[in-house]
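Have a look at model-v2.cif; it's mmCIF, C-alpha atoms, pLDDT in the B column; chains and numbers go by the auth columns:
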data_start
loop_
_atom_site.group_PDB
_atom_site.id
_atom_site.type_symbol
_atom_site.label_atom_id
_atom_site.label_comp_id
_atom_site.label_asym_id
_atom_site.label_seq_id
_atom_site.Cartn_x
_atom_site.Cartn_y
_atom_site.Cartn_z
_atom_site.B_iso_or_equiv
_atom_site.auth_seq_id
_atom_site.auth_asym_id
ATOM 1 C CA MET A 1 -10.793 -125.870 119.812 55.00 1 A
ATOM 2 C CA ILE A 2 -9.728 -122.384 118.704 67.00 2 A
ATOM 3 C CA GLU A 3 -6.111 -122.093 119.762 75.00 3 A
ATOM 4 C CA ALA A 4 -2.773 -121.579 118.071 76.00 4 A
ATOM 5 C CA PRO A 5 0.907 -121.470 119.062 78.00 5 A
ATOM 6 C CA ASP A 6 2.406 -118.071 119.860 79.00 6 A
ATOM 7 C CA LEU A 7 4.522 -117.498 116.777 82.00 7 A
ATOM 8 C CA PRO A 8 6.242 -114.325 115.498 85.00 8 A
ATOM 9 C CA ILE A 9 4.328 -112.564 112.751 87.00 9 A
ATOM 10 C CA TRP A 10 6.387 -113.821 109.788 89.00 10 A
ATOM 11 C CA ALA A 11 6.130 -117.416 110.947 88.00 11 A
ATOM 12 C CA ALA A 12 2.397 -117.052 111.609 89.00 12 A
ATOM 13 C CA ILE A 13 1.830 -115.737 108.080 91.00 13 A
ATOM 14 C CA ALA A 14 3.915 -118.512 106.519 91.00 14 A
ATOM 15 C CA VAL A 15 2.279 -121.272 108.600 91.00 15 A
ATOM 16 C CA GLY A 16 -1.257 -120.006 107.976 91.00 16 A
ATOM 17 C CA PHE A 17 -0.721 -119.598 104.247 93.00 17 A
ATOM 18 C CA LEU A 18 0.884 -123.027 103.812 94.00 18 A
ATOM 19 C CA VAL A 19 -1.703 -124.861 105.935 94.00 19 A
ATOM 20 C CA LEU A 20 -4.600 -123.242 104.068 94.00 20 A
ATOM 21 C CA LEU A 21 -2.959 -123.903 100.690 94.00 21 A
ATOM 22 C CA GLY A 22 -2.286 -127.548 101.507 94.00 22 A
ATOM 23 C CA ALA A 23 -5.825 -128.143 102.780 94.00 23 A
ATOM 24 C CA SER A 24 -7.363 -126.448 99.724 94.00 24 A
ATOM 25 C CA ILE A 25 -5.246 -128.507 97.313 94.00 25 A
ATOM 26 C CA THR A 26 -6.292 -131.675 99.135 93.00 26 A
ATOM 27 C CA LEU A 27 -9.950 -130.640 98.833 94.00 27 A
ATOM 28 C CA VAL A 28 -9.526 -130.027 95.080 93.00 28 A
ATOM 29 C CA GLY A 29 -8.118 -133.540 94.722 92.00 29 A
ATOM 30 C CA ALA A 30 -10.976 -135.022 96.765 92.00 30 A
ATOM 31 C CA LEU A 31 -13.548 -133.138 94.653 92.00 31 A
ATOM 32 C CA GLY A 32 -11.910 -134.668 91.592 91.00 32 A
ATOM 33 C CA LEU A 33 -12.472 -138.045 93.244 89.00 33 A
ATOM 34 C CA LEU A 34 -16.180 -137.208 93.360 89.00 34 A
ATOM 35 C CA ARG A 35 -16.612 -135.628 89.945 89.00 35 A
ATOM 36 C CA LEU A 36 -14.560 -137.647 87.457 87.00 36 A
ATOM 37 C CA ASP A 37 -16.616 -140.316 85.703 85.00 37 A
ATOM 38 C CA ASN A 38 -14.203 -143.243 85.269 85.00 38 A
ATOM 39 C CA PHE A 39 -12.044 -145.174 87.712 86.00 39 A
ATOM 40 C CA TYR A 40 -8.951 -144.672 85.563 87.00 40 A
ATOM 41 C CA LYS A 41 -9.543 -140.903 85.644 87.00 41 A
ATOM 42 C CA ARG A 42 -10.462 -140.871 89.330 89.00 42 A
ATOM 43 C CA VAL A 43 -7.249 -142.608 90.370 89.00 43 A
ATOM 44 C CA HIS A 44 -5.279 -139.493 89.402 89.00 44 A
ATOM 45 C CA ALA A 45 -7.237 -137.057 91.563 89.00 45 A
ATOM 46 C CA PRO A 46 -6.207 -137.910 95.176 88.00 46 A
ATOM 47 C CA THR A 47 -2.495 -137.757 94.276 89.00 47 A
ATOM 48 C CA LEU A 48 -2.887 -133.968 94.374 86.00 48 A
ATOM 49 C CA GLY A 49 -3.451 -134.304 98.120 82.00 49 A
ATOM 50 C CA THR A 50 -0.707 -136.849 98.667 86.00 50 A
ATOM 51 C CA THR A 51 1.989 -134.795 96.940 89.00 51 A
ATOM 52 C CA LEU A 52 1.470 -131.044 97.051 91.00 52 A
ATOM 53 C CA GLY A 53 -1.060 -130.938 99.902 92.00 53 A
ATOM 54 C CA THR A 54 1.105 -133.087 102.166 93.00 54 A
ATOM 55 C CA VAL A 55 4.270 -131.164 101.328 93.00 55 A
ATOM 56 C CA CYS A 56 2.625 -127.776 102.048 93.00 56 A
ATOM 57 C CA ILE A 57 1.285 -128.889 105.446 93.00 57 A
ATOM 58 C CA LEU A 58 4.582 -130.597 106.365 93.00 58 A
ATOM 59 C CA VAL A 59 6.588 -127.461 105.540 93.00 59 A
ATOM 60 C CA ALA A 60 4.154 -125.432 107.674 92.00 60 A
ATOM 61 C CA SER A 61 4.671 -127.914 110.529 92.00 61 A
ATOM 62 C CA MET A 62 8.461 -127.680 110.145 92.00 62 A
ATOM 63 C CA ILE A 63 8.363 -123.867 110.286 92.00 63 A
ATOM 64 C CA CYS A 64 6.040 -123.955 113.315 90.00 64 A
ATOM 65 C CA PHE A 65 8.099 -126.399 115.400 91.00 65 A
ATOM 66 C CA SER A 66 11.471 -124.925 114.369 91.00 66 A
ATOM 67 C CA THR A 67 10.279 -121.488 115.503 90.00 67 A
ATOM 68 C CA LEU A 68 8.695 -122.778 118.727 89.00 68 A
ATOM 69 C CA HIS A 69 11.753 -124.775 119.830 87.00 69 A
ATOM 70 C CA SER A 70 14.268 -122.317 118.251 87.00 70 A
ATOM 71 C CA ARG A 71 16.243 -125.091 116.610 88.00 71 A
ATOM 72 C CA PRO A 72 15.742 -126.870 113.282 88.00 72 A
ATOM 73 C CA MET A 73 13.173 -129.694 113.620 85.00 73 A
ATOM 74 C CA ILE A 74 12.738 -131.509 110.353 84.00 74 A
ATOM 75 C CA HIS A 75 11.457 -134.891 111.500 87.00 75 A
ATOM 76 C CA GLU A 76 8.341 -134.270 109.347 87.00 76 A
ATOM 77 C CA ILE A 77 10.516 -135.081 106.344 91.00 77 A
ATOM 78 C CA LEU A 78 10.055 -138.750 107.302 90.00 78 A
ATOM 79 C CA ILE A 79 6.360 -138.535 106.410 90.00 79 A
ATOM 80 C CA ALA A 80 7.181 -136.708 103.168 91.00 80 A
ATOM 81 C CA ILE A 81 9.668 -139.384 102.089 91.00 81 A
ATOM 82 C CA PHE A 82 7.336 -142.202 103.097 91.00 82 A
ATOM 83 C CA VAL A 83 4.248 -140.805 101.368 91.00 83 A
ATOM 84 C CA THR A 84 6.194 -139.901 98.223 90.00 84 A
ATOM 85 C CA LEU A 85 7.647 -143.410 98.014 91.00 85 A
ATOM 86 C CA THR A 86 4.492 -145.373 98.785 92.00 86 A
ATOM 87 C CA THR A 87 1.722 -143.538 96.889 91.00 87 A
ATOM 88 C CA PRO A 88 2.872 -144.577 93.386 91.00 88 A
ATOM 89 C CA ILE A 89 3.334 -148.172 94.554 92.00 89 A
ATOM 90 C CA THR A 90 -0.155 -148.459 96.037 92.00 90 A
ATOM 91 C CA LEU A 91 -1.882 -146.776 93.115 91.00 91 A
ATOM 92 C CA MET A 92 -0.011 -148.868 90.534 91.00 92 A
ATOM 93 C CA LEU A 93 -1.013 -152.047 92.382 91.00 93 A
ATOM 94 C CA LEU A 94 -4.616 -150.822 92.559 90.00 94 A
ATOM 95 C CA VAL A 95 -4.762 -149.943 88.855 90.00 95 A
ATOM 96 C CA ARG A 96 -3.240 -153.301 87.908 90.00 96 A
ATOM 97 C CA ALA A 97 -5.918 -155.037 89.973 89.00 97 A
ATOM 98 C CA ALA A 98 -8.648 -152.896 88.360 88.00 98 A
ATOM 99 C CA LEU A 99 -7.281 -153.586 84.865 88.00 99 A
ATOM 100 C CA TYR A 100 -7.197 -157.306 85.595 87.00 100 A
ATOM 101 C CA ARG A 101 -10.784 -157.288 86.854 86.00 101 A
ATOM 102 C CA ASP A 102 -12.087 -155.192 83.951 85.00 102 A
ATOM 103 C CA ARG A 103 -10.300 -157.234 81.297 84.00 103 A
ATOM 104 C CA SER A 104 -11.335 -160.557 82.735 83.00 104 A
ATOM 105 C CA GLU A 105 -14.957 -159.345 82.537 81.00 105 A
ATOM 106 C CA GLY A 106 -14.481 -157.992 79.007 77.00 106 A
ATOM 107 C CA SER A 107 -15.532 -154.522 80.155 72.00 107 A
ATOM 108 C CA LYS A 108 -15.525 -151.634 77.680 72.00 108 A
ATOM 109 C CA ALA A 109 -14.300 -149.196 80.348 68.00 109 A
ATOM 110 C CA VAL A 110 -10.657 -150.200 79.930 73.00 110 A
ATOM 111 C CA PRO A 111 -8.628 -147.369 78.386 69.00 111 A
ATOM 112 C CA ASP A 112 -7.201 -148.403 75.032 67.00 112 A
ATOM 113 C CA ASP A 113 -3.416 -148.081 74.909 64.00 113 A
ATOM 114 C CA GLY A 114 -2.941 -150.012 71.668 58.00 114 A
ATOM 115 C CA ALA A 115 -1.194 -152.849 73.505 55.00 115 A
ATOM 116 C CA GLY A 116 -4.117 -154.285 75.420 50.00 116 A
ATOM 117 C CA ALA A 117 -3.826 -157.862 74.165 50.00 117 A
ATOM 118 C CA ILE A 118 -0.124 -158.068 74.995 48.00 118 A
ATOM 119 C CA ALA A 119 -0.643 -156.611 78.464 49.00 119 A
ATOM 120 C CA PHE A 120 -3.488 -159.056 79.058 49.00 120 A
ATOM 121 C CA ASP A 121 -1.231 -161.983 78.260 47.00 121 A
ATOM 122 C CA ASP A 122 1.232 -160.751 80.865 48.00 122 A
ATOM 123 C CA GLN A 123 -1.323 -160.955 83.656 44.00 123 A
ATOM 124 C CA MET B 1 -3.886 -110.663 117.198 76.00 1 B
ATOM 125 C CA SER B 2 -1.742 -112.747 114.869 80.00 2 B
ATOM 126 C CA THR B 3 -2.365 -115.745 117.141 84.00 3 B
ATOM 127 C CA LEU B 4 -6.134 -115.335 116.789 85.00 4 B
ATOM 128 C CA ILE B 5 -5.925 -115.036 113.003 87.00 5 B
ATOM 129 C CA LEU B 6 -3.648 -118.096 112.853 88.00 6 B
ATOM 130 C CA ALA B 7 -6.099 -120.030 115.021 89.00 7 B
ATOM 131 C CA LEU B 8 -8.975 -119.127 112.690 90.00 8 B
ATOM 132 C CA VAL B 9 -6.918 -120.051 109.617 91.00 9 B
ATOM 133 C CA ILE B 10 -5.939 -123.429 111.065 92.00 10 B
ATOM 134 C CA THR B 11 -9.545 -124.169 112.066 92.00 11 B
ATOM 135 C CA THR B 12 -10.677 -123.288 108.529 93.00 12 B
ATOM 136 C CA ALA B 13 -8.034 -125.620 107.124 94.00 13 B
ATOM 137 C CA GLN B 14 -9.291 -128.383 109.423 94.00 14 B
ATOM 138 C CA ILE B 15 -12.856 -127.884 108.157 95.00 15 B
ATOM 139 C CA ILE B 16 -11.588 -128.029 104.550 95.00 16 B
ATOM 140 C CA LEU B 17 -9.682 -131.243 105.296 94.00 17 B
ATOM 141 C CA ALA B 18 -12.813 -132.715 106.902 95.00 18 B
ATOM 142 C CA LEU B 19 -14.723 -131.927 103.680 94.00 19 B
ATOM 143 C CA ALA B 20 -12.002 -133.678 101.683 93.00 20 B
ATOM 144 C CA MET B 21 -12.316 -136.686 103.989 93.00 21 B
ATOM 145 C CA ALA B 22 -16.098 -136.603 103.465 94.00 22 B
ATOM 146 C CA CYS B 23 -15.501 -136.897 99.707 92.00 23 B
ATOM 147 C CA GLY B 24 -13.349 -139.963 100.386 91.00 24 B
ATOM 148 C CA VAL B 25 -16.055 -141.447 102.628 93.00 25 B
ATOM 149 C CA PHE B 26 -18.678 -140.883 99.928 92.00 26 B
ATOM 150 C CA ARG B 27 -16.508 -142.685 97.368 91.00 27 B
ATOM 151 C CA MET B 28 -15.868 -145.471 99.862 91.00 28 B
ATOM 152 C CA LEU B 29 -19.571 -146.007 100.624 92.00 29 B
ATOM 153 C CA CYS B 30 -21.096 -145.402 97.160 88.00 30 B
ATOM 154 C CA GLY B 31 -18.254 -146.361 94.836 75.00 31 B
ATOM 155 C CA PRO B 32 -19.599 -148.281 91.867 84.00 32 B
ATOM 156 C CA ARG B 33 -16.932 -150.981 92.124 84.00 33 B
ATOM 157 C CA ALA B 34 -14.545 -152.354 94.723 86.00 34 B
ATOM 158 C CA GLN B 35 -11.501 -150.494 93.391 88.00 35 B
ATOM 159 C CA ASP B 36 -13.330 -147.174 93.819 91.00 36 B
ATOM 160 C CA ARG B 37 -13.967 -148.042 97.444 92.00 37 B
ATOM 161 C CA VAL B 38 -10.298 -148.838 98.021 92.00 38 B
ATOM 162 C CA LEU B 39 -9.317 -145.541 96.357 92.00 39 B
ATOM 163 C CA GLY B 40 -11.747 -143.671 98.609 92.00 40 B
ATOM 164 C CA MET B 41 -10.255 -145.362 101.670 92.00 41 B
ATOM 165 C CA ASP B 42 -6.730 -144.366 100.605 92.00 42 B
ATOM 166 C CA SER B 43 -7.878 -140.766 100.168 92.00 43 B
ATOM 167 C CA LEU B 44 -9.557 -140.937 103.597 93.00 44 B
ATOM 168 C CA TYR B 45 -6.289 -142.088 105.200 93.00 45 B
ATOM 169 C CA VAL B 46 -4.348 -139.217 103.629 93.00 46 B
ATOM 170 C CA GLY B 47 -6.969 -136.718 104.799 93.00 47 B
ATOM 171 C CA GLY B 48 -6.816 -138.097 108.336 93.00 48 B
ATOM 172 C CA MET B 49 -3.023 -137.865 108.369 93.00 49 B
ATOM 173 C CA LEU B 50 -3.099 -134.226 107.258 94.00 50 B
ATOM 174 C CA LEU B 51 -5.806 -133.421 109.822 93.00 51 B
ATOM 175 C CA LEU B 52 -3.648 -134.888 112.585 93.00 52 B
ATOM 176 C CA LEU B 53 -0.685 -132.777 111.390 93.00 53 B
ATOM 177 C CA THR B 54 -2.794 -129.612 111.605 93.00 54 B
ATOM 178 C CA TYR B 55 -3.776 -130.603 115.156 92.00 55 B
ATOM 179 C CA GLY B 56 -0.056 -130.892 115.913 91.00 56 B
ATOM 180 C CA ILE B 57 0.541 -127.378 114.588 90.00 57 B
ATOM 181 C CA GLN B 58 -2.437 -126.090 116.571 88.00 58 B
ATOM 182 C CA THR B 59 -1.387 -127.510 119.934 89.00 59 B
ATOM 183 C CA GLY B 60 2.382 -127.229 119.433 84.00 60 B
ATOM 184 C CA ARG B 61 2.933 -130.846 120.542 86.00 61 B
ATOM 185 C CA THR B 62 5.058 -133.303 118.575 86.00 62 B
ATOM 186 C CA LEU B 63 2.908 -136.203 119.793 90.00 63 B
ATOM 187 C CA PHE B 64 0.556 -135.830 116.838 91.00 64 B
ATOM 188 C CA PHE B 65 3.416 -136.290 114.394 90.00 65 B
ATOM 189 C CA GLU B 66 3.897 -139.877 115.518 91.00 66 B
ATOM 190 C CA GLY B 67 0.191 -140.548 115.111 92.00 67 B
ATOM 191 C CA ALA B 68 0.341 -139.141 111.574 92.00 68 B
ATOM 192 C CA LEU B 69 3.315 -141.394 110.782 93.00 69 B
ATOM 193 C CA VAL B 70 1.403 -144.442 112.037 93.00 70 B
ATOM 194 C CA ILE B 71 -1.632 -143.493 109.918 93.00 71 B
ATOM 195 C CA ALA B 72 0.592 -143.147 106.831 92.00 72 B
ATOM 196 C CA LEU B 73 2.092 -146.597 107.497 93.00 73 B
ATOM 197 C CA LEU B 74 -1.268 -148.281 108.086 93.00 74 B
ATOM 198 C CA GLY B 75 -2.805 -146.607 105.038 92.00 75 B
ATOM 199 C CA PHE B 76 -0.018 -147.967 102.852 92.00 76 B
ATOM 200 C CA ALA B 77 -0.285 -151.464 104.291 93.00 77 B
ATOM 201 C CA GLY B 78 -4.089 -151.510 104.081 92.00 78 B
ATOM 202 C CA THR B 79 -4.278 -150.272 100.505 92.00 79 B
ATOM 203 C CA VAL B 80 -1.581 -152.688 99.311 92.00 80 B
ATOM 204 C CA ALA B 81 -3.358 -155.591 101.028 91.00 81 B
ATOM 205 C CA LEU B 82 -6.721 -154.652 99.488 91.00 82 B
ATOM 206 C CA ALA B 83 -5.216 -154.205 96.010 90.00 83 B
ATOM 207 C CA LYS B 84 -3.581 -157.608 96.351 89.00 84 B
ATOM 208 C CA PHE B 85 -6.916 -159.056 97.431 90.00 85 B
ATOM 209 C CA LEU B 86 -8.692 -157.564 94.395 87.00 86 B
ATOM 210 C CA MET B 87 -6.000 -158.961 92.121 85.00 87 B
ATOM 211 C CA ARG B 88 -5.698 -162.493 93.479 83.00 88 B
ATOM 212 C CA GLY B 89 -8.644 -163.121 95.766 79.00 89 B
ATOM 213 C CA GLU B 90 -6.328 -163.664 98.740 74.00 90 B
ATOM 214 C CA VAL B 91 -3.809 -161.489 100.569 73.00 91 B
ATOM 215 C CA ILE B 92 -1.062 -163.941 101.510 73.00 92 B
ATOM 216 C CA GLU B 93 -0.389 -166.721 99.041 69.00 93 B
#
Rendering of file as structure tokens:
Amino acid sequence: MIEAPDLPIWAAIAVGFLVLLGASITLVGALGLLRLDNFYKRVHAPTLGTTLGTVCILVASMICFSTLHSRPMIHEILIAIFVTLTTPITLMLLVRAALYRDRSEGSKAVPDDGAGAIAFDDQ
Amino acid sequence: MSTLILALVITTAQIILALAMACGVFRMLCGPRAQDRVLGMDSLYVGGMLLLLTYGIQTGRTLFFEGALVIALLGFAGTVALAKFLMRGEVIE
């Protein structure tokens, strides 16, 4: 369980700092998922983990593997591109579904943007 | 010495990521409505992907990277399918 690659000191410091930072940012986003009181507020919280948390851990992984194999290894950028492209799409689809459900029930929890009736006609 | 400290730091990061995943699981099990459950599942997928990446750093194997890529793909597909289901009541029309 407790093991780590044998990295030079500068790489070890960079990898440790970035991994810890990314994990902490992801935890802050997940705590927001627990604490915020409305779905439309909660949907913002996990994006902290999908953007900054993912990027920090991916950069740490790039530094680690580039140092271990002594050549640039940046295949982790695939995950970064994929997650950055797909997270807005999934969350927009989810919020549209939630808006549709709330409006069709006449719920008061829908945030008022001043154009609610027009947006409802579009559904 | 630096290897030991790095190992401790990575293990701490894994525990933190497991806590973040636990928050997602809580939202998935106790979410007041269906969209909260889907959001919790999406957060759980992201946490699992990051945890697998830290395992890859820990062991120095690139095998875990491919697993993380598969989890990212499946999380996207699953969340889109569930959002579509909540919107229309069916996934494929």
Which residues are near stretch 17-29 of chain B? Cut-off 12 Å, only C-alpha atoms, ignore same chain within fewer than 6 positions. Put them as a ChimeraX atom specification. /A:19-37,39,42-43,45-46,48-49,53-54,57 /B:10-11,35-55
Box time for stretch 96-110 of chain A: axis-aligned, enclosing all its listed atoms, 4 Å extra on each side; report centre and edge lengths in Å to one decimal, as lines of an AutoDock Vina configuration file.
center_x = -9.4
center_y = -154.9
center_z = 83.8
size_x = 20.3
size_y = 19.4
size_z = 20.3
List every protein, DNA or RNA residue that has an atom no more than 12 Å from (-13.7, -155.1, 88.3) in the file's coordinate frame, counting all atoms listed in the file, and report them as a ChimeraX atom specification. /A:39-40,94-110 /B:31-37,83,86-87
Determine the nearest neighbour of chain B from the options A:Ser61, A:Asn38, A:Thr51, A:Thr67, counting all atoms listed in the file.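 Checking each of A:Ser61, A:Asn38, A:Thr51, A:Thr67 against chain B, counting all atoms listed in the file, the winner is A:Ser61.
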Closest atom pairs, residues of stretch 13-73 of chain B within 9 Å of stretch 82-87 of chain A, all atoms listed in the file, as a tab-separated table:
residue	atom	partner	partner_atom	distance
B:Leu69	CA	A:Phe82	CA	8.7
B:Ala72	CA	A:Val83	CA	7.0
B:Leu73	CA	A:Phe82	CA	8.1
Between atom CA of A:Leu18 and atom CA of A:Leu58 - distance in Å to one decimal: 8.8 Å
Just the residues within 10 Å of A:His75, please, counting only C-alpha atoms, with nothing from its chain fewer than 3 positions along; format it as a list in words. Leu58, Ser61, Met62, Phe65, Pro72, Leu78, Ile79 and Ala80 of chain A; Thr62, Phe65 and Glu66 of chain B
With C-alpha atoms retained, export the selected residues as a short mmCIF file (atom, residue, chain, number, x, y, z; two decimals), in the coordinates of the input.
data_model
loop_
_atom_site.label_atom_id
_atom_site.label_comp_id
_atom_site.auth_asym_id
_atom_site.auth_seq_id
_atom_site.Cartn_x
_atom_site.Cartn_y
_atom_site.Cartn_z
CA LEU A 58 4.58 -130.60 106.36
CA SER A 61 4.67 -127.91 110.53
CA MET A 62 8.46 -127.68 110.14
CA PHE A 65 8.10 -126.40 115.40
CA PRO A 72 15.74 -126.87 113.28
CA LEU A 78 10.06 -138.75 107.30
CA ILE A 79 6.36 -138.54 106.41
CA ALA A 80 7.18 -136.71 103.17
CA THR B 62 5.06 -133.30 118.58
CA PHE B 65 3.42 -136.29 114.39
CA GLU B 66 3.90 -139.88 115.52
#
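Here atom CA of A:Ala4 is placed at a distance of 5.9 Å from atom CA of B:Thr3.
A straight line drawn from atom CA of B:Ile71 to atom CA of A:Cys64 is 21.3 Å long.
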Counting all atoms listed in the file, the option among B:Phe64, B:Met1, B:Leu6, B:Gly75 closest to chain A: B:Leu6
Of the residues B:Gly89, B:Leu74, B:Ile16, B:Cys30, which is the one nearest to chain A, using all atoms listed in the file? B:Ile16
